[in-house]
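Everything on this sheet refers to the single structure shown next.
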Amino acid sequence: MRKKKDHRISGFLARRIYVVSQIAKMVSRNIMADKVRSFMTCLGIIIGTSSLIIMMSIMDIRTEKSKLEIDEAGLGEINIEMIPESLYFGLLDDNMRELAGIEHVAGITPTIALGSKTSVRVNDVTCKDVVLEGVSDAFYTCSKRNRLLAGSTLDALDLKDENKVCVINKKLAIKLFNSTDCVGKKIPVMGVDFLIKGVTTPAKDVKDSYSVRIPYNVMQKMTGKGIYGFTIYPDAHKNGPEVRNAVKEYMDELYHGKEEDYYYDNTDFYYLNQKTSEVRSAARLQMVIAAIALLIGGIGIMNMMLVMVTERTTEIGLRKALGSSGKRIQLQFVMESMMLSMVGGIAGVLTGIVSTVTYCLYMGEKIHINVASAFVGFMFSMAVGVFFGWSPAKAASKLQPIDALKGE
Amino acid sequence: MADILIDMKNIVREFESGGETLRILKGIDLKVERGEFLAIVGPSGSGKSTLMNIIGLLDVATSGTYIMDGQNIKDLGEDQLAYLRNQEIGFVFQQYFLLPRLTARENVMIPMFYADMPEKDQLEKSAELLEKVGMKDRMDFYPNQLSGGLQQRVAIARALGTGPSLLLADEPTGALDQKTGKQIIELFRQLNNDGTTIVMITHDAKVASNAKRILKILDGNIGEGDTADA
């Protein structure tokens with residue numbers, strides 16, 4: 001073979017890098033040369049990825065709402081009531097500690113109430129039918145039943161120091177002071193002045209009575225009552241049954257040797273199970289929708305890529321005839337599909353995020369994006385795009401140049 | 001000792017079509033020396049384009065041997081074939097086959113790109129070649145903006161891009177007017193004088209007469225013609 005004047009760049013690696021960068025240039029030129037076709041190819045990826053993100057994010061928001069509804073209704077709480085005076089002193093601090101120490105327990109509050117309603121008088125306003133309860137800080141921190149409107153709720157320090165503080169509800173605040181802005185004022189409870197620390201209202205729109213809640217140990221001291229009822233908060237819905245069994249075990253131990261039915265379990269598990277199975281099936285539905293979205297998106301991408309490459313079989317044949325090796329042609333098409341998939345993927349993610357944010361703002365929801373779906377959508381689009389951009393090109397590059405030129 | 005560039009023995013090319021096997025080339029023997037200027041003439045359907053495709057390594061014969069510049073084509077790997085197509089062979093297609101989304105100049109640059117020529121040199125050389133074929137003013141036009149004749153010229157410039165030792169041209173003057181046709185043939189003559197081997201398909205007797213040797217092809221068989229008329 002006659003030696004040709006070598007125009008080529010010297011250096012093995014330098015030449016490789018040069019070739020790849022030149023192909024990259026050519027590829028971007030190709031993409032820009034037919035903007036419409038490139039856009040159509042990206043469109044499938046954009047639609048697939050963005051719809052996946054939007055659907056997943058919206059379903060996340062719905063699921064969170066359902067969970068919140070459960071919590072606001074107090075459905076996950078475990079309520080135990082003991083027959084009064086069934087245990088000599090009632091539940092002691094040690095018992096409370098041990099119960100709180102059960103695995104997956106977020107908190108425990110005793111429920112100490114007066115037998116009857118009491119009345120509170122401030123200045124000239126008297127409010128009868130006030131329900132007075134002694135609770136722990138967990139009542140507010142572990143439960144979403146009540147929403148804080150002003151001030152703060154009882155905390156561990158109030159219990160430790162046996163502070164004479166109370167949390168009243170909005171109904172009582174309005175009745176006594178005509179506003180919820182009454183933090184810091186004092187009200188007489190059983191003859192003793194208590195400082196109003198905070199004002200709450202039920203999270204769900206339910207009718208409630210006038211309510212004053214004070215630290216339970218303060219209540220115990222003032223009334224001499226023992227703890228014969230408590231509520232336990234599991235740390236997650238799914239742990240509910242496990243915690244309930246552990247609590248029952250503990251109570252059975254406590255009542256060891258005594259007759260049965262000294263306590264009964266008020267937990268409303270039926271409704272909770274209903275709600276949580278709703279949440280679970282919604283989650284399953286979410287997965288199915290995700291899979292379908294990916295499948296449809298994937299088929300769309302596959303189609304666009306196949307069409308794009310088969311249309312260019314002639315070009316592949318020509319390039320081969322001009323001296324491109326099969327590998328170079330494949331490299332060109334892999335890079336083209338990679339670039340298109342990347343651009344489409346990024347555009348799809350941005351579209352998905354912007355659309356979700358718009359939805360949240362419009363619906364008044366807290367903004368939430370399902371990040372996993374953005375990642376999965378992008379990677380999946382890339383994988384499908386590159387594969388289906390590459391494999392027909394690979395097949396075409398293996399043809400004889402004249403066969404590809406004629407458009408096999 | 002003559003330097004044989006193309007040495008074909010008993011080349012047969014069959015195609016499957018509608019369940020039948022068609023024999024387009026029926027055992028062609030062809031020897032082309034380096035530096036020759038050969039014209040192949042024949043009616044349509046005679047197999048001349050099929051023969052050209054095999055010579056130009058664009059197609060593979062069903063049977064027979066093809067030794068190019070001392071190498072048996074069968075023994076060559078993909079990369080070696082690509083090298084030959086790029087560096088040693090320049091092919092001008094009857095249908096031009098220009099890439100529609102690239103300008104004339106960019107089309108001419110493609111084989112240079114595959115030869116790993118630096119971009120600066122690519123730009124220089126492509127301008128040079130397009131000027132040679134009289135396309136100086138329309139280098140940045142797209143193929144759909146060019147007439148058939150101009151496209152043909154671009155195709156010729158592209159074929160010459162890497163300075164091939166063998167130029168294969170399928171009806172190179174088909175769409176050209178008399179004057180440009182003459183210019184192209186003159187260009188071919190120059191290249192031939194400088195050492196390029198040229199094999200040309202044409203049905204124009206006058207064009208064929210510019211070649212140094214004429215071969216007739218009929219019904220898949222080749223026969224000698226004379227250097228006078230086809």
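If you're wondering about the labels, chains in the structure tokens are A, B, ... by order shown, residues count from 1 in each chain, ligands from 1 in order shown.
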
Fewer than 5 positions away in the same chain doesn't count, so skip those; otherwise give me all residues within 10 Å of Ile67 of chain B, counting only C-alpha atoms, as a PyMOL selection string. chain B and resi 4-9+31+55+72-75

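Residues lying within 10 Å of Ala208 of chain B, counting only C-alpha atoms and ignoring same-chain neighbours fewer than 2 positions away, are Phe37, Leu38, Ala39, Ile40, Val41, Ile185, Met200, Ile201, Thr202, His203, Asp204, Ala205, Lys206, Asn210, Ala211, Lys212, Arg213, Ile214, Leu215, Thr227, Ala228, Asp229 and Ala230 of chain B.
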
Report as CSV the residues of chain B within 7 Å of chain A, each with its shortest atom pair and distance in Å (one decimal), using only C-alpha atoms, ordered by chain and increasing residue number.
```
residue,atom,partner,partner_atom,distance
B:Leu58,CA,A:Pro401,CA,4.9
B:Asp59,CA,A:Gln400,CA,5.7
B:Asp69,CA,A:Met1,CA,6.6
B:Glu78,CA,A:Ser325,CA,6.8
B:Asp79,CA,A:Ser325,CA,5.8
B:Ala82,CA,A:Gly323,CA,4.4
B:Tyr83,CA,A:Gly323,CA,5.9
B:Arg85,CA,A:Gly323,CA,4.7
B:Asn86,CA,A:Gly323,CA,3.8
B:Leu99,CA,A:Glu315,CA,6.9
B:Arg101,CA,A:Ala33,CA,5.8
B:Pro111,CA,A:Leu322,CA,5.5
B:Tyr114,CA,A:Ser324,CA,5.9
B:Ala115,CA,A:Arg8,CA,6.9
B:Asp116,CA,A:Arg8,CA,5.1
B:Met117,CA,A:Arg8,CA,5.3
```

Identify, on the basis of only C-alpha atoms, every residue whose closest approach to Cys142 of chain A does not exceed 12 Å; exclude the query and any residue fewer than 6 positions from it along the same chain; express the result as a PyMOL selection string. chain A and resi 71-72+74+76-78+105-109+136+153+155+231-236

Mind dumping the selected residues with C-alpha atoms as a PDB file, in the first residue's frame?
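Full text of selection.pdb as output:
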```
ATOM      1  CA  ASP A  71     -53.396  11.819  62.992  1.00  0.00           C
ATOM      2  CA  GLU A  72     -55.733  14.746  63.342  1.00  0.00           C
ATOM      3  CA  GLY A  74     -56.307  10.710  66.712  1.00  0.00           C
ATOM      4  CA  GLY A  76     -53.448   6.010  65.779  1.00  0.00           C
ATOM      5  CA  GLU A  77     -53.595   6.543  69.508  1.00  0.00           C
ATOM      6  CA  ILE A  78     -53.903   3.698  71.966  1.00  0.00           C
ATOM      7  CA  VAL A 105     -43.644   4.449  71.728  1.00  0.00           C
ATOM      8  CA  ALA A 106     -43.313   8.139  70.980  1.00  0.00           C
ATOM      9  CA  GLY A 107     -44.969   9.312  74.173  1.00  0.00           C
ATOM     10  CA  ILE A 108     -47.525   8.651  76.886  1.00  0.00           C
ATOM     11  CA  THR A 109     -50.026  10.881  78.612  1.00  0.00           C
ATOM     12  CA  SER A 136     -48.420  15.316  80.049  1.00  0.00           C
ATOM     13  CA  THR A 153     -48.008  24.011  74.984  1.00  0.00           C
ATOM     14  CA  ASP A 155     -43.502  20.971  78.184  1.00  0.00           C
ATOM     15  CA  THR A 231     -53.063   7.285  76.006  1.00  0.00           C
ATOM     16  CA  ILE A 232     -50.019   5.917  74.248  1.00  0.00           C
ATOM     17  CA  TYR A 233     -48.750   7.303  70.926  1.00  0.00           C
ATOM     18  CA  PRO A 234     -46.934   4.911  68.613  1.00  0.00           C
ATOM     19  CA  ASP A 235     -44.166   6.500  66.554  1.00  0.00           C
ATOM     20  CA  ALA A 236     -45.655   5.275  63.265  1.00  0.00           C
TER      21      ALA A 236
END
```

Name all residues at most 12 Å from Asn178 of chain A (count only C-alpha atoms; drop same-chain ones fewer than 6 positions away) and give them as a PDB file with C-alpha atoms, in the first residue's frame.
```
ATOM      1  CA  VAL A 122     -62.621  35.770  85.177  1.00  0.00           C
ATOM      2  CA  VAL A 125     -67.476  36.374  83.019  1.00  0.00           C
ATOM      3  CA  LYS A 170     -60.212  28.734  71.678  1.00  0.00           C
ATOM      4  CA  LYS A 171     -63.825  28.332  72.777  1.00  0.00           C
ATOM      5  CA  LEU A 172     -62.946  29.164  76.348  1.00  0.00           C
TER       6      LEU A 172
END
```

Please identify which residues in segment 30-195 of chain B DSSP calls strand (DSSP E) from the backbone, and express them as a list in words. Leu30, Lys31, Val32, Glu33, Phe37, Leu38, Ala39, Ile40, Val41, Ser63, Gly64, Thr65, Tyr66, Ile67, Met68, Gln71, Asn72, Ile89, Gly90, Phe91, Val92, Leu166, Leu167, Leu168, Ala169 and Asp170 of chain B

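Proximity to segment 24-29 of chain B at 7 Å, evaluated using only C-alpha atoms and with sequence-adjacent residues fewer than 6 positions away removed, yields Met8, Lys9, Asn10, Ile11, Val12, Arg13, Glu14, Gly47, Gly220, Asn221 and Ile222 of chain B.
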
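Each of A:Ala24, A:Met96, A:Val279, A:Ile346 was checked against Ser66 of chain A using only C-alpha atoms; the smallest atom-to-atom distance is that of A:Val279.
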
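With only C-alpha atoms as the atoms that count, the minimum distance from Leu176 of chain B to the choices B:Ser147, B:Ala159, B:Gly70, B:Asp194 is reached by B:Ser147.
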
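The neighbours of segment 383-396 of chain A here are the residues that come within 6 Å of it, using only C-alpha atoms and leaving out any residue fewer than 3 positions away in the same chain; they are Ile301, Met302, Met305, Gln330, Phe333, Val334, Ser337, Met338, Ser341, Phe380 and Leu399 of chain A.
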
From atom CA of Leu30 of chain B to atom CA of Asp219 of chain B the spacing works out at 15.6 Å

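Using only C-alpha atoms for every distance, the candidate list A:Gly345, A:Gly115, A:Gly364, A:Gly297 yields A:Gly364 as the residue closest to Ile61 of chain A.
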
Mind pulling up the distance from atom CA of Glu106 of chain B to atom CA of Asp137 of chain B? 14.5 Å
